[in-house]
Amino acid sequence: MSEKVEEVLPKIEKKVLYDYQKRGMDKIFSTLENNASNYNLLYQLPTGGGKTVIFSEIAKRYIETTNKKVLILTHRIELCEQTSSMLNGFDVKNKIINSKIKQLPDQGDYTCFVAMVETLNNRLQDEMIDINNIGMIIVDEAHFNSFRKLFHYFENCVILGVTATPLSSNVKLPMYQNYNELIVGESIGYLIDNGFLSSPTTYCYDVGLSSLKIGANGDYTVRSSDLLYGDDPMLEKLIHAYEENSKGKKVLIFNSGINTSLGVYDSFTKAGYTIKHLDNKNSPVERKEILEWFKVTPNAILTSVGILTTGFDEPTVETIILNRATKSLTLYFQMIGRGSRVLPHKKNFTILDLGNNVARFGPWNGKMDWHEIFRVPDFYLENIIQDAEIERNFKYKMPADVRAQFPKSGNIEFNVQEVYKQSIKDGERSKVVLDQSLAQHIKMCVENSEDIMDARVLADLLTDQIAYRIRLYSYSICKSTDNYLKWLQEDYERKLMQSLGPHFVVD
């Protein structure tokens with residue numbers, strides 16, 4: 001980007017603040033006026049609530065009332081450009097400090113600066129830049145910890161952090177250490193009820209996560225996630241979820257690793273669907289072309305890795321698929337927020353969760369006590385529901401389209417725990433549970449089929465229910481290693497297929 005960055009960036013038409021945005025801005029200024037000049041304030045507002053609009057208006061008002069300048073910090077170049085364009089729309093004379101800016105001989109021409117954290121830190125360390133008369137620092141996506149390194153350069157300034165999730169990305173560096181107070185904006189529920197965000201319809205799919213490993217950053221490792229989500233059964237589950245609840249819609253799929261995303265791309269392509277893959281290895285030109293294709297293609301499917309969680313706004317997205325598990329509350333809200341934008345013809349969107357994320361964090365549009373999370377983040381993190389508990393409490397419900405394939409079966413339920421208890425009471429071996437379950441499945445397939453081929457097709461539809469029953473059985477016998485569960489399911493499915501043949505022998 002050149003020195004004349006303000007001339008090449010498009011000027012966004014000035015937006016008129018909604019009442020809730022004005023209330024948030026007024027509360028921010030009221031709080032700052034009643035506290036010291038170096039008071040650090042954190043403002044929370046959901047993704048899609050218009051944080052950039054609000055802090056652009058805040059910058060304008062602060063500059064006009066104090067005659068001091070504003071510095072806005074971001075962590076990605078796309079956010080720099082979006083912020084600068086928005087400021088232009090508010091007639092705030094601003095300049096981006098990016099890697100091409102080595103000095104600021106013309107800083108007197110500007111009242112606001114937008115900077116990448118690393119770039120500005122390097123310039124300040126090298127004493128190449130000295131920005132005069134800064135009174136306010138606005139930190140976008142303030143939950144990231146990279147901003148902390150700059151704070152000591154601006155100790156006498158007001159620092160306003162803005163985030164959708166006031167929970168630090170580093171559990172060892174809680175946000176209350178840098179911010180004196182949290183102001184909470186309107187909730188997701190309020191924004192939905194008043195037509196500012198789309199309303200979600202959520203479908204959760206049972207996924208065993210015992211094979212996932214936790215990395216140094218506290219989240220599941222990419223390697224273990226790739227092994228789980230790149231496996232054929234999970235790819236088949238993903239396509240089934242798409243076909244069941246989002247076929248024909250514009251879909252954005254979030255994955256943990258590139259290998260998984262490429263596997264998703266291959267699987268959907270082989271199934272005959274229109275799909276593209278995007279990750280941080282794509283060139284800027286490729287990324288622009290892919291996103292433009294995604295924008296204009298009605299039933300487009302885009303499988304991605306990380307890159308679209310921030311700085312990406314495509315209101316036409318109709319479905320968000322979480323094809324990954326995460327322990328990051330921030331990432332959870334960011335991913336789903338990509339589908340929440342509202343349009344005249346789009347008041348609802350769909351969430352497909354294949355990572356037990358909704359069970360872990362609660363519904364995206366549920367109530368959140370952000371003040372408590374800000375004050376005592378350790379307590380919140382320690383009480384997040386663990387994967388084992390989520391899986392134990394999961395209740396499998398056969399999808400309606402699968403249930404419709406077994407019209408002659410009056411009962412498809414099977415209480416694994418009760419049968420296990422009875423078998424122990426009767427002195428029988430524990431595997432009688434699986435024997436009785438298998439007998440029921442054989443009966444279901446046979447009574448709803450005309451021939452062996454029909455029965456085998458029906459047997460394939462029972463994979464998820466079989467996996468659910470086997471996991472419940474493993475809990476009962478206190479033996480649930482991944483290899484053992486895999487062997488049990490393979491053995492069960494093999495016996496099911498073999499047992500169907502004799503029922504269709506022609507005399």
# chains A, B, ... in the order shown; residues from 1 in each chain; ligands from 1

$ residues_around --residues "A:Asn178" --least-positions-apart "6" --cutoff "9 Å" --atoms "only C-alpha atoms" --output "PDB file with N, CA and C atoms, in the first residue's frame"
ATOM      1  N   ASN A  40      -8.701   2.490  31.282  1.00  0.00           N
ATOM      2  CA  ASN A  40      -8.804   1.484  30.221  1.00  0.00           C
ATOM      3  C   ASN A  40     -10.168   0.812  30.273  1.00  0.00           C
ATOM      4  N   LEU A  41     -10.870   0.875  29.163  1.00  0.00           N
ATOM      5  CA  LEU A  41     -12.257   0.403  29.110  1.00  0.00           C
ATOM      6  C   LEU A  41     -12.399  -0.669  28.043  1.00  0.00           C
ATOM      7  N   ARG A 148      -0.929  -6.143  23.905  1.00  0.00           N
ATOM      8  CA  ARG A 148      -0.379  -5.760  25.208  1.00  0.00           C
ATOM      9  C   ARG A 148       1.020  -5.158  25.096  1.00  0.00           C
ATOM     10  N   PHE A 151       1.065  -1.293  24.888  1.00  0.00           N
ATOM     11  CA  PHE A 151       0.407  -0.434  25.863  1.00  0.00           C
ATOM     12  C   PHE A 151       1.383   0.475  26.609  1.00  0.00           C
TER      13      PHE A 151
END

$ residues_around --residues "A:Pro298" --least-positions-apart "4" --cutoff "12 Å" --atoms "only C-alpha atoms" --output "PDB file with N, CA and C atoms, in the first residue's frame"
ATOM      1  N   LYS A 247     -28.978 -28.823   2.020  1.00  0.00           N
ATOM      2  CA  LYS A 247     -28.751 -29.059   0.602  1.00  0.00           C
ATOM      3  C   LYS A 247     -29.342 -27.927  -0.223  1.00  0.00           C
ATOM      4  N   GLY A 248     -28.539 -27.402  -1.145  1.00  0.00           N
ATOM      5  CA  GLY A 248     -29.000 -26.318  -2.003  1.00  0.00           C
ATOM      6  C   GLY A 248     -28.807 -24.937  -1.427  1.00  0.00           C
ATOM      7  N   LYS A 249     -28.305 -24.845  -0.183  1.00  0.00           N
ATOM      8  CA  LYS A 249     -28.061 -23.543   0.438  1.00  0.00           C
ATOM      9  C   LYS A 249     -26.604 -23.126   0.254  1.00  0.00           C
ATOM     10  N   LYS A 250     -26.344 -21.842   0.474  1.00  0.00           N
ATOM     11  CA  LYS A 250     -24.964 -21.355   0.441  1.00  0.00           C
ATOM     12  C   LYS A 250     -24.320 -21.680   1.784  1.00  0.00           C
ATOM     13  N   VAL A 251     -23.234 -22.447   1.744  1.00  0.00           N
ATOM     14  CA  VAL A 251     -22.677 -23.054   2.958  1.00  0.00           C
ATOM     15  C   VAL A 251     -21.210 -22.676   3.148  1.00  0.00           C
ATOM     16  N   THR A 274     -21.044 -28.406  -5.904  1.00  0.00           N
ATOM     17  CA  THR A 274     -20.183 -27.275  -6.258  1.00  0.00           C
ATOM     18  C   THR A 274     -19.488 -26.762  -5.007  1.00  0.00           C
ATOM     19  N   ILE A 275     -18.167 -26.859  -4.971  1.00  0.00           N
ATOM     20  CA  ILE A 275     -17.427 -26.508  -3.760  1.00  0.00           C
ATOM     21  C   ILE A 275     -16.040 -25.991  -4.116  1.00  0.00           C
ATOM     22  N   GLU A 292     -15.257 -14.029  -4.523  1.00  0.00           N
ATOM     23  CA  GLU A 292     -16.205 -13.453  -5.478  1.00  0.00           C
ATOM     24  C   GLU A 292     -17.116 -14.547  -6.032  1.00  0.00           C
ATOM     25  N   TRP A 293     -16.527 -15.703  -6.334  1.00  0.00           N
ATOM     26  CA  TRP A 293     -17.332 -16.859  -6.781  1.00  0.00           C
ATOM     27  C   TRP A 293     -18.344 -17.239  -5.708  1.00  0.00           C
ATOM     28  N   PHE A 294     -17.902 -17.262  -4.459  1.00  0.00           N
ATOM     29  CA  PHE A 294     -18.787 -17.628  -3.353  1.00  0.00           C
ATOM     30  C   PHE A 294     -19.926 -16.627  -3.214  1.00  0.00           C
ATOM     31  N   LEU A 302     -18.232 -23.475   0.465  1.00  0.00           N
ATOM     32  CA  LEU A 302     -16.833 -23.067   0.640  1.00  0.00           C
ATOM     33  C   LEU A 302     -16.283 -23.732   1.894  1.00  0.00           C
ATOM     34  N   THR A 316     -24.771 -13.276   2.467  1.00  0.00           N
ATOM     35  CA  THR A 316     -25.599 -14.271   1.784  1.00  0.00           C
ATOM     36  C   THR A 316     -25.383 -15.696   2.290  1.00  0.00           C
ATOM     37  N   VAL A 317     -24.445 -15.899   3.228  1.00  0.00           N
ATOM     38  CA  VAL A 317     -24.227 -17.231   3.802  1.00  0.00           C
ATOM     39  C   VAL A 317     -25.501 -17.696   4.505  1.00  0.00           C
ATOM     40  N   GLU A 318     -25.942 -18.894   4.173  1.00  0.00           N
ATOM     41  CA  GLU A 318     -27.185 -19.428   4.743  1.00  0.00           C
ATOM     42  C   GLU A 318     -26.940 -20.512   5.784  1.00  0.00           C
TER      43      GLU A 318
END

$ closest_residue --among "A:Gln44, A:Asn122, A:Thr52, A:Thr303" --to "A:Met86" --atoms "only C-alpha atoms"
A:Thr52

$ select_by_dssp --residues "stretch 260-361 of chain A" --states "strand (DSSP E)" --output "VMD selection string"
chain A and resid 275 to 278 301 to 305 319 to 322 348 to 353

$ closest_residue --among "A:Thr47, A:Asn280, A:Ser146, A:Thr83" --to "A:Leu197" --atoms "only C-alpha atoms"
A:Thr47

$ closest_residue --among "A:Asp19, A:Glu243, A:Asp130, A:Glu181" --to "A:Asn194" --atoms "only C-alpha atoms"
A:Asp19

$ residues_around --residues "A:Leu124" --least-positions-apart "3" --cutoff "12 Å" --atoms "only C-alpha atoms" --output "MDAnalysis selection string"
chainID A and resid 97 102:104 115 117:121 127:131 149:154

$ closest_residue --among "A:Glu57, A:Ile320, A:Val171, A:Asn67" --to "A:Val376" --atoms "only C-alpha atoms"
A:Val171

$ select_by_dssp --residues "stretch 236-357 of chain A" --states "helix (DSSP H, G or I)" --output "VMD selection string"
chain A and resid 236 to 245 258 to 270 284 to 296 329 to 337 357

$ write_last_selection --atoms "N, CA and C atoms" --output "compact mmCIF listing (two decimals), in the first residue's frame"
# COMPACT_ATOMS: atom_id res chain seq x y z
N GLU A 236 -18.36 -38.84 5.62
CA GLU A 236 -19.71 -39.30 5.25
C GLU A 236 -20.76 -38.64 6.15
N LYS A 237 -20.44 -38.49 7.44
CA LYS A 237 -21.37 -37.85 8.37
C LYS A 237 -21.59 -36.39 7.97
N LEU A 238 -20.51 -35.73 7.55
CA LEU A 238 -20.61 -34.33 7.12
C LEU A 238 -21.52 -34.19 5.91
N ILE A 239 -21.33 -35.03 4.92
CA ILE A 239 -22.16 -34.94 3.72
C ILE A 239 -23.62 -35.27 4.06
N HIS A 240 -23.81 -36.25 4.93
CA HIS A 240 -25.18 -36.58 5.36
C HIS A 240 -25.82 -35.38 6.05
N ALA A 241 -25.07 -34.70 6.93
CA ALA A 241 -25.60 -33.54 7.64
C ALA A 241 -25.99 -32.44 6.66
N TYR A 242 -25.13 -32.22 5.66
CA TYR A 242 -25.42 -31.22 4.63
C TYR A 242 -26.68 -31.58 3.85
N GLU A 243 -26.75 -32.83 3.40
CA GLU A 243 -27.90 -33.25 2.59
C GLU A 243 -29.19 -33.25 3.40
N GLU A 244 -29.08 -33.53 4.68
CA GLU A 244 -30.26 -33.60 5.54
C GLU A 244 -30.84 -32.23 5.85
N ASN A 245 -29.98 -31.22 6.05
CA ASN A 245 -30.48 -29.94 6.55
C ASN A 245 -30.05 -28.69 5.78
N ILE A 258 -5.83 -28.04 7.17
CA ILE A 258 -5.87 -28.00 5.71
C ILE A 258 -6.17 -29.37 5.13
N ASN A 259 -5.58 -30.41 5.71
CA ASN A 259 -5.82 -31.77 5.19
C ASN A 259 -7.30 -32.14 5.28
N THR A 260 -7.93 -31.76 6.38
CA THR A 260 -9.37 -32.03 6.51
C THR A 260 -10.15 -31.28 5.45
N SER A 261 -9.84 -30.00 5.28
CA SER A 261 -10.57 -29.19 4.32
C SER A 261 -10.42 -29.73 2.90
N LEU A 262 -9.23 -30.19 2.55
CA LEU A 262 -9.02 -30.78 1.23
C LEU A 262 -9.80 -32.09 1.09
N GLY A 263 -9.88 -32.85 2.18
CA GLY A 263 -10.69 -34.07 2.16
C GLY A 263 -12.17 -33.76 1.98
N VAL A 264 -12.62 -32.68 2.62
CA VAL A 264 -14.01 -32.23 2.46
C VAL A 264 -14.25 -31.83 1.01
N TYR A 265 -13.32 -31.09 0.44
CA TYR A 265 -13.42 -30.67 -0.96
C TYR A 265 -13.55 -31.88 -1.89
N ASP A 266 -12.68 -32.87 -1.69
CA ASP A 266 -12.71 -34.07 -2.54
C ASP A 266 -14.03 -34.83 -2.38
N SER A 267 -14.49 -34.97 -1.14
CA SER A 267 -15.71 -35.74 -0.88
C SER A 267 -16.94 -35.09 -1.49
N PHE A 268 -17.07 -33.77 -1.33
CA PHE A 268 -18.21 -33.07 -1.91
C PHE A 268 -18.15 -33.06 -3.44
N THR A 269 -16.93 -32.92 -3.96
CA THR A 269 -16.77 -32.93 -5.41
C THR A 269 -17.20 -34.27 -6.00
N LYS A 270 -16.76 -35.37 -5.36
CA LYS A 270 -17.13 -36.70 -5.83
C LYS A 270 -18.63 -36.93 -5.72
N PRO A 284 -3.37 -13.77 -2.62
CA PRO A 284 -4.42 -12.75 -2.55
C PRO A 284 -5.34 -12.76 -3.76
N VAL A 285 -4.78 -13.00 -4.94
CA VAL A 285 -5.59 -13.04 -6.16
C VAL A 285 -6.54 -14.24 -6.13
N GLU A 286 -6.01 -15.41 -5.73
CA GLU A 286 -6.86 -16.60 -5.63
C GLU A 286 -7.96 -16.40 -4.61
N ARG A 287 -7.60 -15.82 -3.48
CA ARG A 287 -8.60 -15.60 -2.43
C ARG A 287 -9.70 -14.68 -2.94
N LYS A 288 -9.33 -13.61 -3.62
CA LYS A 288 -10.33 -12.68 -4.14
C LYS A 288 -11.26 -13.37 -5.13
N GLU A 289 -10.70 -14.19 -6.01
CA GLU A 289 -11.51 -14.90 -7.00
C GLU A 289 -12.47 -15.89 -6.35
N ILE A 290 -11.96 -16.62 -5.34
CA ILE A 290 -12.79 -17.61 -4.66
C ILE A 290 -13.93 -16.94 -3.91
N LEU A 291 -13.63 -15.85 -3.22
CA LEU A 291 -14.67 -15.16 -2.45
C LEU A 291 -15.70 -14.50 -3.36
N GLU A 292 -15.26 -14.03 -4.52
CA GLU A 292 -16.21 -13.45 -5.48
C GLU A 292 -17.12 -14.55 -6.03
N TRP A 293 -16.53 -15.70 -6.33
CA TRP A 293 -17.33 -16.86 -6.78
C TRP A 293 -18.34 -17.24 -5.71
N PHE A 294 -17.90 -17.26 -4.46
CA PHE A 294 -18.79 -17.63 -3.35
C PHE A 294 -19.93 -16.63 -3.21
N LYS A 295 -19.62 -15.38 -3.44
CA LYS A 295 -20.63 -14.32 -3.30
C LYS A 295 -21.74 -14.45 -4.33
N VAL A 296 -21.39 -14.74 -5.57
CA VAL A 296 -22.37 -14.69 -6.67
C VAL A 296 -23.00 -16.05 -6.97
N LEU A 329 -13.96 -20.24 23.15
CA LEU A 329 -15.26 -19.57 23.13
C LEU A 329 -15.29 -18.50 22.05
N THR A 330 -14.19 -17.77 21.92
CA THR A 330 -14.11 -16.71 20.91
C THR A 330 -14.26 -17.27 19.51
N LEU A 331 -13.54 -18.33 19.21
CA LEU A 331 -13.62 -18.94 17.88
C LEU A 331 -15.03 -19.46 17.61
N TYR A 332 -15.66 -20.02 18.60
CA TYR A 332 -17.03 -20.53 18.47
C TYR A 332 -17.97 -19.41 18.02
N PHE A 333 -17.90 -18.26 18.70
CA PHE A 333 -18.77 -17.14 18.34
C PHE A 333 -18.38 -16.54 17.00
N GLN A 334 -17.09 -16.48 16.71
CA GLN A 334 -16.65 -15.90 15.44
C GLN A 334 -17.13 -16.73 14.25
N MET A 335 -17.00 -18.05 14.34
CA MET A 335 -17.39 -18.91 13.22
C MET A 335 -18.89 -18.78 12.93
N ILE A 336 -19.70 -18.90 13.95
CA ILE A 336 -21.15 -18.84 13.75
C ILE A 336 -21.58 -17.46 13.30
N GLY A 337 -20.90 -16.43 13.81
CA GLY A 337 -21.25 -15.07 13.45
C GLY A 337 -21.14 -14.77 11.98
N ASN A 357 -19.83 -28.55 19.94
CA ASN A 357 -19.53 -27.20 20.40
C ASN A 357 -20.71 -26.54 21.10

$ residues_around --residues "stretch 435-451 of chain A" --least-positions-apart "2" --cutoff "8 Å" --atoms "only C-alpha atoms" --output "list in words"
Gln405, Phe406, Pro407, Lys408, Ser409, Ile412, Phe414, Lys431, Val432, Val433, Met453, Asp454, Ala455, Arg456, Leu458, Ala459, Tyr492, Leu496, Ser499, Leu500, His503 and Phe504 of chain A

$ residues_around --residues "A:Ser304" --least-positions-apart "3" --cutoff "7 Å" --atoms "only C-alpha atoms" --output "PyMOL selection string"
chain A and resi 253-255+261+277-279

$ closest_residue --among "A:Thr165, A:Thr111, A:Ser37, A:Asn393" --to "A:His371" --atoms "only C-alpha atoms"
A:Thr165

$ closest_residue --among "A:Gly215, A:Tyr420, A:Ser198, A:Ala271" --to "A:Leu343" --atoms "only C-alpha atoms"
A:Ser198
